[in-house]
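Dropping input08.cif in here (mmCIF, C-alpha atoms):
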```cif
data_input
#
loop_
_atom_site.label_atom_id
_atom_site.label_comp_id
_atom_site.auth_asym_id
_atom_site.auth_seq_id
_atom_site.Cartn_x
_atom_site.Cartn_y
_atom_site.Cartn_z
CA MET Z 1050 0.00 0.00 0.00
CA ARG Z 1051 2.83 2.33 0.93
CA ALA Z 1052 4.72 1.55 -2.27
CA ARG Z 1053 1.61 2.34 -4.25
CA ARG Z 1054 1.26 5.72 -2.55
CA GLU Z 1055 4.92 6.56 -3.17
CA TRP Z 1056 4.51 5.57 -6.80
CA SER Z 1057 1.50 7.81 -7.26
CA ILE Z 1058 3.40 10.75 -5.71
CA ILE Z 1059 6.26 10.18 -8.15
CA ARG Z 1060 3.83 10.03 -11.06
CA PHE Z 1061 2.14 13.23 -9.89
CA LEU Z 1062 5.45 15.10 -9.65
CA LEU Z 1063 6.60 13.90 -13.08
CA THR Z 1064 3.32 15.00 -14.66
CA ALA Z 1065 3.57 18.43 -13.03
CA LEU Z 1066 7.18 18.78 -14.19
CA ALA Z 1067 6.33 17.89 -17.79
CA LEU Z 1068 3.38 20.32 -17.83
CA PHE Z 1069 5.52 23.10 -16.38
CA ALA Z 1070 8.24 22.48 -18.98
CA VAL Z 1071 5.66 22.85 -21.75
CA TRP Z 1072 4.36 26.05 -20.10
CA LEU Z 1073 7.87 27.55 -20.06
CA LEU Z 1074 8.40 26.49 -23.66
CA PHE Z 1075 5.28 28.27 -24.88
CA THR Z 1076 5.31 31.43 -22.78
CA ALA Z 1077 9.12 31.87 -23.01
CA SER Z 1078 9.16 34.47 -20.21
CA PHE Z 1079 10.54 34.33 -16.66
CA GLU Z 1080 8.40 37.04 -15.06
CA LEU Z 1081 7.26 36.28 -11.53
CA PHE Z 1082 3.54 36.29 -12.29
CA SER Z 1083 3.90 34.08 -15.34
CA VAL Z 1084 6.06 31.50 -13.56
CA ALA Z 1085 3.82 31.44 -10.48
CA PHE Z 1086 0.71 31.02 -12.61
CA GLY Z 1087 2.44 28.19 -14.48
CA ILE Z 1088 3.35 26.37 -11.26
CA VAL Z 1089 -0.17 26.66 -9.83
CA GLY Z 1090 -1.78 25.62 -13.11
CA SER Z 1091 0.49 22.64 -13.71
CA LEU Z 1092 0.03 21.38 -10.12
CA LEU Z 1093 -3.76 21.66 -10.47
CA ILE Z 1094 -3.89 19.91 -13.83
CA ALA Z 1095 -1.42 17.24 -12.65
CA ALA Z 1096 -3.61 16.52 -9.60
CA LEU Z 1097 -6.59 16.00 -11.89
CA THR Z 1098 -4.97 13.98 -14.69
CA TYR Z 1099 -1.84 12.16 -13.47
CA ASP Z 1100 -3.66 8.84 -13.49
CA VAL Z 1101 -4.43 9.20 -17.20
CA PHE Z 1102 -1.09 10.70 -18.13
CA LEU Z 1103 0.99 7.92 -16.57
CA ALA Z 1104 -0.98 4.71 -16.04
CA GLN Z 1105 -0.37 2.79 -12.85
CA HIS Z 1106 0.80 -0.39 -14.53
CA GLU Z 1107 3.86 1.38 -15.99
CA ALA Z 1108 5.79 0.22 -12.97
CA ASN Z 1109 9.29 1.39 -13.80
CA LEU Z 1110 10.84 4.83 -14.02
CA ARG Z 1111 12.76 3.88 -17.17
CA PHE Z 1112 9.48 3.16 -18.97
CA PHE Z 1113 8.96 6.85 -19.64
CA VAL Z 1114 12.06 8.79 -18.53
CA PRO Z 1115 14.42 8.75 -21.52
CA ARG Z 1116 18.19 8.55 -21.32
CA PRO Z 1117 19.12 11.92 -22.88
CA LEU Z 1118 22.32 10.98 -24.73
CA TYR Z 1119 20.74 7.99 -26.41
CA LEU Z 1120 17.64 10.09 -27.19
CA ILE Z 1121 19.71 12.65 -29.10
CA LYS Z 1122 21.54 9.85 -30.91
CA PHE Z 1123 18.21 8.28 -31.83
CA LEU Z 1124 16.84 11.57 -33.20
CA LEU Z 1125 19.91 12.08 -35.39
CA LEU Z 1126 19.65 8.49 -36.64
CA LEU Z 1127 15.95 9.04 -37.37
CA MET Z 1128 16.84 11.96 -39.64
CA PHE Z 1129 19.39 9.74 -41.41
CA PHE Z 1130 16.76 7.00 -41.89
CA LEU Z 1131 14.32 9.63 -43.22
CA TYR Z 1132 16.67 10.70 -46.01
CA GLN Z 1133 17.82 7.14 -46.75
CA SER Z 1134 14.31 5.79 -47.28
CA SER Z 1135 13.28 8.99 -49.11
CA ILE Z 1136 15.91 8.35 -51.75
CA VAL Z 1137 14.71 4.75 -52.17
CA MET Z 1138 11.12 6.02 -52.42
CA LEU Z 1139 12.12 8.64 -55.00
CA GLY Z 1140 13.65 5.91 -57.16
CA SER Z 1141 10.45 3.94 -56.85
CA VAL Z 1142 8.35 6.93 -57.95
CA ILE Z 1143 10.54 7.44 -61.00
CA THR Z 1144 10.78 3.81 -62.12
CA GLY Z 1145 7.35 2.66 -60.91
CA ASN Z 1146 8.81 -0.38 -59.16
CA ALA Z 1147 6.73 -1.27 -56.12
CA SER Z 1148 5.17 -4.19 -54.34
CA PRO Z 1149 2.87 -2.83 -51.63
CA ARG Z 1150 1.52 -5.28 -49.10
CA ILE Z 1151 0.18 -5.27 -45.55
CA VAL Z 1152 2.35 -7.16 -43.05
CA HIS Z 1153 1.85 -8.04 -39.39
CA PHE Z 1154 4.57 -8.49 -36.81
CA ARG Z 1155 5.32 -8.18 -33.10
CA THR Z 1156 7.63 -5.90 -31.19
CA ARG Z 1157 9.85 -6.67 -28.22
CA LEU Z 1158 9.45 -3.24 -26.59
CA ARG Z 1159 7.57 -3.30 -23.28
CA SER Z 1160 6.41 0.22 -22.38
CA ASP Z 1161 3.50 1.95 -24.10
CA LEU Z 1162 5.54 5.08 -24.80
CA ALA Z 1163 8.33 3.14 -26.51
CA ARG Z 1164 5.81 1.25 -28.66
CA MET Z 1165 4.17 4.55 -29.62
CA VAL Z 1166 7.55 6.02 -30.56
CA LEU Z 1167 8.35 2.92 -32.64
CA ALA Z 1168 5.03 3.19 -34.51
CA ASN Z 1169 5.58 6.91 -35.06
CA SER Z 1170 9.10 6.42 -36.41
CA ILE Z 1171 7.89 3.67 -38.73
CA THR Z 1172 5.27 6.06 -40.11
CA PHE Z 1173 7.73 8.95 -40.28
CA THR Z 1174 10.05 7.22 -42.76
CA PRO Z 1175 8.49 7.16 -46.25
CA GLY Z 1176 7.75 3.65 -47.46
CA THR Z 1177 6.14 2.26 -44.32
CA ILE Z 1178 2.90 3.33 -42.59
CA THR Z 1179 1.57 1.92 -39.33
CA LEU Z 1180 -2.12 1.11 -39.75
CA ASP Z 1181 -2.79 -0.31 -36.30
CA LEU Z 1182 -1.00 -0.84 -32.99
CA ASN Z 1183 -2.60 -3.34 -30.64
CA ASP Z 1184 -0.54 -4.09 -27.52
CA ASP Z 1185 2.64 -5.48 -29.11
CA HIS Z 1186 1.11 -6.30 -32.48
CA LEU Z 1187 1.75 -3.89 -35.36
CA THR Z 1188 -0.06 -3.78 -38.72
CA VAL Z 1189 2.11 -2.03 -41.30
CA HIS Z 1190 1.56 -1.12 -44.94
CA TRP Z 1191 4.96 -1.71 -46.53
CA PHE Z 1192 5.73 -0.34 -49.97
CA PHE Z 1193 8.72 -2.53 -50.89
CA CYS Z 1194 7.53 -5.88 -49.64
CA ASN Z 1195 9.74 -8.77 -50.66
CA THR Z 1196 8.79 -11.40 -48.10
CA SER Z 1197 5.59 -12.79 -46.62
CA HIS Z 1198 7.24 -14.24 -43.52
CA ALA Z 1199 6.07 -12.24 -40.48
CA LYS Z 1200 9.34 -12.29 -38.55
CA ALA Z 1201 11.53 -11.43 -41.57
CA ALA Z 1202 9.16 -8.60 -42.53
CA GLY Z 1203 9.30 -7.27 -38.96
CA GLU Z 1204 13.09 -7.29 -38.96
CA ALA Z 1205 13.18 -5.52 -42.33
CA VAL Z 1206 10.65 -2.83 -41.36
CA LYS Z 1207 11.87 -2.12 -37.83
CA GLY Z 1208 15.47 -2.30 -38.91
CA ARG Z 1209 17.83 -0.87 -36.34
CA MET Z 1210 15.20 1.46 -34.89
CA GLU Z 1211 13.96 -1.03 -32.31
CA THR Z 1212 17.37 -1.63 -30.75
CA HIS Z 1213 17.98 2.11 -30.52
CA ILE Z 1214 14.59 2.77 -28.91
CA LYS Z 1215 15.25 -0.09 -26.50
CA ARG Z 1216 18.35 1.76 -25.33
CA VAL Z 1217 16.37 4.95 -24.75
CA TRP Z 1218 13.24 3.68 -22.98
CA LEU Z 1219 13.57 -0.06 -22.20
CA MET U 696 32.60 34.10 -44.78
CA ILE U 697 30.45 32.08 -42.36
CA TRP U 698 27.40 33.65 -43.96
CA ILE U 699 28.46 32.38 -47.40
CA ILE U 700 28.93 28.82 -46.05
CA ARG U 701 25.50 28.99 -44.43
CA GLU U 702 23.94 30.17 -47.69
CA ILE U 703 25.56 27.32 -49.64
CA LEU U 704 24.33 24.73 -47.11
CA ALA U 705 20.85 26.28 -47.20
CA LEU U 706 20.92 26.12 -51.00
CA ILE U 707 21.70 22.38 -50.80
CA ALA U 708 18.84 21.84 -48.31
CA PHE U 709 16.39 23.85 -50.44
CA SER U 710 17.32 22.09 -53.66
CA SER U 711 16.85 18.69 -52.00
CA ALA U 712 13.46 19.98 -50.80
CA VAL U 713 12.56 20.91 -54.39
CA VAL U 714 13.62 17.48 -55.70
CA PHE U 715 11.73 15.54 -53.02
CA GLY U 716 8.70 17.82 -53.30
CA LEU U 717 8.42 17.38 -57.06
CA GLY U 718 8.88 13.60 -56.64
CA GLY U 719 6.13 13.48 -54.03
CA LEU U 720 3.74 15.50 -56.20
CA ALA U 721 4.49 13.20 -59.16
CA GLY U 722 3.79 10.17 -56.96
CA LEU U 723 0.51 11.73 -55.86
CA PHE U 724 -0.73 11.50 -59.46
CA ARG U 725 1.09 8.35 -60.48
CA PHE U 726 -0.21 5.71 -58.09
CA PRO U 727 -3.84 4.65 -58.14
CA ASP U 728 -4.78 3.82 -54.54
CA PRO U 729 -4.85 5.90 -51.32
CA TYR U 730 -2.15 3.92 -49.49
CA SER U 731 0.42 4.32 -52.26
CA ARG U 732 -0.50 7.98 -52.70
CA LEU U 733 0.03 8.49 -48.99
CA GLN U 734 3.41 6.75 -49.17
CA ALA U 735 4.55 8.81 -52.15
CA GLY U 736 2.96 11.98 -50.82
CA SER U 737 4.86 11.69 -47.55
CA LEU U 738 7.93 12.49 -49.66
CA CYS U 739 6.42 15.91 -50.27
CA GLY U 740 4.66 16.22 -46.93
CA THR U 741 7.49 15.07 -44.66
CA THR U 742 10.92 15.03 -46.30
CA ALA U 743 10.54 18.24 -48.30
CA VAL U 744 9.05 20.10 -45.33
CA PHE U 745 11.83 18.87 -43.05
CA SER U 746 14.48 19.97 -45.58
CA ILE U 747 12.83 23.39 -45.73
CA PHE U 748 13.03 23.59 -41.92
CA ILE U 749 16.76 22.80 -42.03
CA GLY U 750 17.34 25.43 -44.72
CA ALA U 751 15.32 28.06 -42.86
CA LEU U 752 17.24 27.25 -39.66
CA LEU U 753 20.51 27.90 -41.51
CA LEU U 754 19.22 31.24 -42.83
CA ALA U 755 17.62 32.44 -39.57
CA SER U 756 18.83 35.90 -38.63
CA ASP U 757 18.48 35.89 -34.83
CA THR U 758 18.25 33.40 -31.96
CA ALA U 759 14.53 33.83 -31.24
CA VAL U 760 13.62 32.78 -34.79
CA ALA U 761 16.09 29.85 -34.76
CA ALA U 762 14.83 28.54 -31.40
CA ARG U 763 11.24 28.65 -32.64
CA ILE U 764 12.20 26.74 -35.79
CA VAL U 765 13.88 24.04 -33.67
CA ILE U 766 10.73 23.72 -31.52
CA ILE U 767 8.55 23.54 -34.65
CA ALA U 768 10.78 20.80 -36.11
CA ILE U 769 10.59 18.77 -32.87
CA PHE U 770 6.80 19.00 -32.80
CA PHE U 771 6.72 18.17 -36.50
CA LEU U 772 8.47 14.88 -35.66
CA MET U 773 5.38 14.01 -33.60
CA SER U 774 2.54 15.59 -35.57
CA ALA U 775 3.45 14.49 -39.13
CA PRO U 776 3.28 10.71 -38.47
CA THR U 777 0.12 11.21 -36.41
CA GLY U 778 -1.61 12.88 -39.35
CA SER U 779 -0.67 10.24 -41.90
CA HIS U 780 -1.54 7.50 -39.40
CA ILE U 781 -5.04 8.98 -39.01
CA VAL U 782 -5.54 9.01 -42.78
CA ALA U 783 -4.16 5.48 -43.20
CA ARG U 784 -6.32 4.15 -40.37
CA PHE U 785 -9.40 5.79 -41.90
CA THR U 786 -8.60 4.12 -45.23
CA TRP U 787 -8.03 0.77 -43.48
CA ASN U 788 -11.34 1.05 -41.58
CA ALA U 789 -13.16 2.04 -44.79
CA GLY U 790 -12.19 -1.37 -46.17
CA VAL U 791 -9.95 -0.27 -49.03
CA TYR U 792 -7.79 -3.17 -50.15
CA PRO U 793 -4.16 -2.33 -51.09
CA TRP U 794 -3.49 -2.06 -54.77
CA LYS U 795 -1.56 -4.78 -56.65
CA PRO U 796 0.92 -2.94 -58.87
CA PRO U 797 0.74 -3.39 -62.64
CA LYS U 798 4.54 -3.53 -62.58
CA VAL U 799 4.35 -6.91 -60.85
CA ARG U 800 1.99 -8.10 -63.56
CA THR U 801 4.32 -6.93 -66.32
CA GLY U 802 7.23 -8.39 -64.38
CA SER U 803 5.50 -11.74 -64.09
CA ALA U 804 4.45 -11.43 -67.74
CA ARG U 805 8.06 -10.84 -68.64
CA ARG U 806 9.01 -13.81 -66.49
CA ARG U 807 6.31 -15.86 -68.18
CA LYS U 808 7.55 -14.72 -71.56
CA LYS U 809 11.09 -15.55 -70.55
CA SER U 810 10.02 -18.97 -69.28
CA ARG U 811 8.07 -19.46 -72.49
CA ASP U 812 11.17 -18.51 -74.45
CA SER U 813 13.28 -20.87 -72.42
CA SER U 814 10.68 -23.63 -72.78
CA GLU U 815 10.67 -22.99 -76.51
CA LYS U 816 14.40 -23.16 -76.45
CA ARG U 817 14.18 -26.33 -74.45
CA GLY U 818 11.59 -27.58 -76.87
CA GLY U 819 13.92 -26.67 -79.68
CA ALA U 820 16.72 -28.50 -77.94
CA GLU U 821 14.58 -31.54 -77.51
CA MET E 710 16.29 32.06 -52.27
CA LEU E 711 13.58 32.32 -49.63
CA ASP E 712 11.27 34.04 -52.14
CA VAL E 713 11.79 31.26 -54.68
CA MET E 714 10.99 28.65 -52.02
CA GLN E 715 7.81 30.52 -51.09
CA TRP E 716 6.67 30.35 -54.72
CA PHE E 717 7.58 26.65 -54.77
CA THR E 718 5.46 25.89 -51.68
CA LEU E 719 2.58 27.81 -53.27
CA PHE E 720 2.95 25.65 -56.39
CA CYS E 721 2.89 22.49 -54.23
CA ALA E 722 -0.25 23.75 -52.49
CA VAL E 723 -1.98 24.36 -55.83
CA VAL E 724 -1.12 20.85 -57.05
CA CYS E 725 -2.42 19.39 -53.77
CA ILE E 726 -5.66 21.33 -54.23
CA VAL E 727 -5.99 19.84 -57.73
CA ARG E 728 -5.70 16.38 -56.20
CA LEU E 729 -8.15 17.44 -53.48
CA VAL E 730 -10.75 18.43 -56.07
CA LEU E 731 -10.10 15.50 -58.43
CA GLY E 732 -9.69 12.73 -55.83
CA PRO E 733 -12.15 9.96 -56.66
CA THR E 734 -12.63 8.65 -53.11
CA THR E 735 -12.79 10.31 -49.71
CA ALA E 736 -9.48 8.73 -48.68
CA ASP E 737 -7.70 10.40 -51.62
CA ARG E 738 -9.04 13.77 -50.56
CA LEU E 739 -7.84 13.19 -47.00
CA VAL E 740 -4.36 12.28 -48.31
CA ALA E 741 -4.24 15.54 -50.26
CA LEU E 742 -5.39 17.48 -47.19
CA ASN E 743 -2.66 15.86 -45.08
CA ILE E 744 0.06 16.91 -47.52
CA LEU E 745 -1.48 20.36 -47.89
CA SER E 746 -1.20 20.97 -44.15
CA GLY E 747 2.53 20.14 -44.22
CA VAL E 748 3.10 22.44 -47.19
CA VAL E 749 1.26 25.33 -45.54
CA LEU E 750 3.39 24.83 -42.42
CA ALA E 751 6.56 25.10 -44.52
CA PHE E 752 5.19 28.25 -46.18
CA LEU E 753 4.54 29.90 -42.80
CA VAL E 754 8.08 29.11 -41.60
CA LEU E 755 9.64 30.49 -44.80
CA ARG E 756 7.51 33.63 -44.57
CA GLY E 757 8.51 34.17 -40.94
CA VAL E 758 12.22 33.83 -41.69
CA ARG E 759 11.94 36.11 -44.74
CA GLN E 760 10.20 38.88 -42.80
CA GLY E 761 12.36 38.35 -39.72
CA ARG E 762 9.28 38.39 -37.49
CA SER E 763 8.55 35.61 -35.02
CA LEU E 764 4.79 36.20 -35.20
CA TYR E 765 4.44 33.93 -38.25
CA LEU E 766 6.47 31.29 -36.44
CA ASP E 767 4.10 31.36 -33.45
CA VAL E 768 1.21 30.83 -35.84
CA ALA E 769 3.16 27.98 -37.48
CA LEU E 770 3.79 26.35 -34.09
CA VAL E 771 0.12 26.35 -33.17
CA TYR E 772 -0.82 25.14 -36.66
CA ASP E 773 1.75 22.35 -36.29
CA ILE E 774 0.43 21.11 -32.96
CA PHE E 775 -3.30 21.35 -33.63
CA GLY E 776 -3.24 20.79 -37.39
CA PHE E 777 -4.04 17.10 -37.26
CA LEU E 778 -7.07 17.63 -35.00
CA GLY E 779 -8.87 18.98 -38.09
CA PHE E 780 -8.73 15.84 -40.14
CA LEU E 781 -9.08 13.67 -37.05
CA ALA E 782 -12.54 15.25 -36.71
CA ILE E 783 -13.24 14.86 -40.45
CA ALA E 784 -12.19 11.19 -40.43
CA ARG E 785 -14.31 10.54 -37.33
CA ILE E 786 -17.43 12.15 -38.79
CA LEU E 787 -17.06 10.33 -42.12
CA LYS E 788 -16.53 7.01 -40.33
CA ASP E 789 -19.70 7.46 -38.29
CA LYS E 790 -21.59 8.41 -41.44
CA MET E 791 -20.27 5.33 -43.25
CA THR E 792 -21.31 2.96 -40.47
CA ASP E 793 -24.75 4.60 -40.41
CA ASP E 794 -25.12 4.01 -44.14
CA GLY E 795 -23.74 0.48 -44.00
#
```

Could you show the structure in this file as structure tokens?
Amino acid sequence: MRARREWSIIRFLLTALALFAVWLLFTASFELFSVAFGIVGSLLIAALTYDVFLAQHEANLRFFVPRPLYLIKFLLLLMFFLYQSSIVMLGSVITGNASPRIVHFRTRLRSDLARMVLANSITFTPGTITLDLNDDHLTVHWFFCNTSHAKAAGEAVKGRMETHIKRVWL
Amino acid sequence: MIWIIREILALIAFSSAVVFGLGGLAGLFRFPDPYSRLQAGSLCGTTAVFSIFIGALLLASDTAVAARIVIIAIFFLMSAPTGSHIVARFTWNAGVYPWKPPKVRTGSARRRKKSRDSSEKRGGAE
Amino acid sequence: MLDVMQWFTLFCAVVCIVRLVLGPTTADRLVALNILSGVVLAFLVLRGVRQGRSLYLDVALVYDIFGFLGFLAIARILKDKMTDDG
């Protein structure tokens, strides 16, 4: 019971911190009134919504607190993947070579946030679009399909992104 | 001097944006079904826009403008996939079946032709 | 350079609108709308940098964050309509 209470206090503080960071980002001013209003508002909203923002079953801090160095590395790699797959896609538009198909596969990531980031990065690179994400089961429309085996398709679509996300969020 | 280097880098970013944008617009009219159009259009809607952000960041005159462009690019990393996911999910729920490309048919036709040729050859050999 | 890119984004927007008007199915129109929103975002950023005013960039930021809510609503309404018909 005590552990549960401690956990909810941690979740509440993290929610308030995230909301206050967004407030500072958007107002971009450090006047006393603005900062005080931000603190009061983020504490109030965090008290109302922390249970939705961070669900109770996410029982590990590393499920949603990223490791900053690996996060920056992942973002740079994501930009590299974007341009790499864009060039492949551009060649496909010019030549008309394509074999679109819908593939299903599973992911090894455990937290909801990491799965969401994986689905978002898959959609962000041209050539693959996530149609559905159901627990650990992804449905992806893949433009250059060359295999019908679920595991091989998963490895080809996720590529190195999954291992990098696993370093950031578990 | 630094300004000239920045302009050259921005020129590279903008010209890549033009190339990807034109490719995406061509793909928008080339492919026949919504999924493929979305895939090709994300060239124009994601890669070209991101290249334009990089070029604008290189040309930004003061820090306030540059910081805002960085924030916009970070939020674009989240909002662009969300938008195309919504469209793709709508298409998927509407029951549209993904298109089989004619290229595969011509490819298999070529393969069939080739196999016919080889069978003829084989027939000739026999 | 920035002026040329503004004209280019306007050209992209016009082509997207052609697709939006032509598009045979609803999904095609939504695809065109999705790309159009990205192009308009790029136009706002270019305009802000050209004029050296951060006001356009604030507008672009808000458009970026809440842009997809528009076609989320459209997709939702059309889906409900479709299930009603079917």

Find the residues of chain Z that sit at most 8 Å from chain U; for each, write down the nearest two atoms and how far apart they are in Å, to one decimal. Count only C-alpha atoms. Sort by chain, then by number going up, and give it as CSV.
```
residue,atom,partner,partner_atom,distance
Z:Leu1131,CA,U:Thr742,CA,7.1
Z:Tyr1132,CA,U:Thr742,CA,7.2
Z:Ser1135,CA,U:Leu738,CA,6.4
Z:Met1138,CA,U:Ala735,CA,7.1
Z:Leu1139,CA,U:Gly718,CA,6.1
Z:Val1142,CA,U:Gly722,CA,5.7
Z:Ile1143,CA,U:Gly718,CA,7.7
Z:Gly1145,CA,U:Lys798,CA,7.0
Z:Asn1146,CA,U:Lys798,CA,6.3
Z:Ala1147,CA,U:Pro796,CA,6.6
Z:Ser1148,CA,U:Pro796,CA,6.3
Z:Pro1149,CA,U:Lys795,CA,7.0
Z:Arg1150,CA,U:Pro793,CA,6.7
Z:Ile1151,CA,U:Pro793,CA,7.6
Z:Asn1169,CA,U:Pro776,CA,5.6
Z:Ser1170,CA,U:Pro776,CA,7.5
Z:Thr1172,CA,U:Pro776,CA,5.3
Z:Phe1173,CA,U:Pro776,CA,5.1
Z:Pro1175,CA,U:Gln734,CA,5.9
Z:Gly1176,CA,U:Gln734,CA,5.6
Z:Thr1177,CA,U:Gln734,CA,7.2
Z:Ile1178,CA,U:His780,CA,6.9
Z:Thr1179,CA,U:His780,CA,6.4
Z:Leu1180,CA,U:Arg784,CA,5.2
Z:Asp1181,CA,U:Arg784,CA,7.0
Z:His1190,CA,U:Tyr730,CA,7.7
Z:Phe1192,CA,U:Ser731,CA,7.4
```

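Applied to this file, the PyMOL selection byres ((chain E and resi 716) around 12) selects the residues Val713 of chain U; Met710, Leu711, Asp712, Val713, Met714, Gln715, Phe717, Thr718, Leu719, Phe720, Cys721, Ala722, Val723, Val748, Val749, Ala751, Phe752, Leu755 and Arg756 of chain E.
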
Considering only C-alpha atoms, tabulate each residue of chain Z that lies at most 12 Å from chain E along with its nearest interatomic pair and the corresponding distance in Å to one decimal; arrange the rows by chain and ascending residue number and present them as a Markdown table.
```
| residue | atom | partner | partner_atom | distance |
| --- | --- | --- | --- | --- |
| Z:Leu1074 | CA | E:Leu770 | CA | 11.4 |
| Z:Phe1075 | CA | E:Asp767 | CA | 9.2 |
| Z:Thr1076 | CA | E:Asp767 | CA | 10.7 |
| Z:Ala1077 | CA | E:Asp767 | CA | 11.6 |
```

The distance between CA of His1213 in chain Z and CA of Leu1068 in chain Z is 26.6 Å

Report as an mmCIF file with C-alpha atoms, in the coordinates of the input the residues that result from applying the PyMOL selection byres ((chain E) within 6 of (chain U)) to the structure here.
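Below is the file part.cif, written as the result:
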```cif
data_model
loop_
_atom_site.group_PDB
_atom_site.id
_atom_site.type_symbol
_atom_site.label_atom_id
_atom_site.label_comp_id
_atom_site.auth_asym_id
_atom_site.auth_seq_id
_atom_site.Cartn_x
_atom_site.Cartn_y
_atom_site.Cartn_z
ATOM 1 C CA ALA E 736 -9.480 8.730 -48.680
ATOM 2 C CA ASP E 737 -7.700 10.400 -51.620
ATOM 3 C CA VAL E 740 -4.360 12.280 -48.310
ATOM 4 C CA ILE E 744 0.060 16.910 -47.520
ATOM 5 C CA GLY E 747 2.530 20.140 -44.220
ATOM 6 C CA ALA E 751 6.560 25.100 -44.520
ATOM 7 C CA VAL E 758 12.220 33.830 -41.690
ATOM 8 C CA SER E 763 8.550 35.610 -35.020
ATOM 9 C CA LEU E 770 3.790 26.350 -34.090
ATOM 10 C CA PHE E 777 -4.040 17.100 -37.260
#
```

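When all atoms listed in the file are used to compute distances to Leu1062 in chain Z, the closest of the residues Z:Leu1187, Z:Leu1162, Z:Ala1095, Z:Ser1083 turns out to be Z:Ala1095.
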
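Closest to Ile1121 in chain Z among Z:Leu1219, Z:Ala1163, Z:Ile1214, Z:Val1084 is Z:Ile1214, based on all atoms listed in the file.
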
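Going from CA of Ala1201 in chain Z to CA of Phe1113 in chain Z covers 28.7 Å.
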
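Using all atoms listed in the file, the nearest neighbour of Phe1130 in chain Z within the list Z:Ile1171, Z:Ala1199, Z:Ala1067, Z:Ile1088 is Z:Ile1171.
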
List the spatial neighbours of Tyr1119 in chain Z as a ChimeraX atom specification - criterion: any atom at most 7 Å away, all atoms listed in the file, same-chain residues fewer than 3 positions off excluded.
/Z:1116,1122-1123,1216-1217

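The space between CA of Ser1091 in chain Z and CA of Phe1112 in chain Z spans 22.1 Å.
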
Counting all atoms listed in the file, which residues come within 9 Å of (4.9, -7.1, -40.4), with the point read in the file's coordinates, and could you list them as JSON, numbers by chain?
{"Z": [1151, 1152, 1153, 1154, 1155, 1186, 1187, 1188, 1189, 1190, 1191, 1197, 1198, 1199, 1200, 1201, 1202, 1203, 1204, 1205, 1206, 1207]}

query: At most 6 Å from (-6.8, 19.3, -48.8), file frame, only C-alpha atoms: which residues, as JSON, numbers by chain?
result: {"E": [726, 729, 741, 742, 745]}

Can you write out the residues you just picked, keeping C-alpha atoms, as a PDB file, keeping the file's coordinate frame?
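Result file follows (selection-v7.pdb):
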```pdb
ATOM      1  CA  ILE E 726      -5.660  21.330 -54.230  1.00  0.00           C
ATOM      2  CA  LEU E 729      -8.150  17.440 -53.480  1.00  0.00           C
ATOM      3  CA  ALA E 741      -4.240  15.540 -50.260  1.00  0.00           C
ATOM      4  CA  LEU E 742      -5.390  17.480 -47.190  1.00  0.00           C
ATOM      5  CA  LEU E 745      -1.480  20.360 -47.890  1.00  0.00           C
TER       6      LEU E 745
END
```
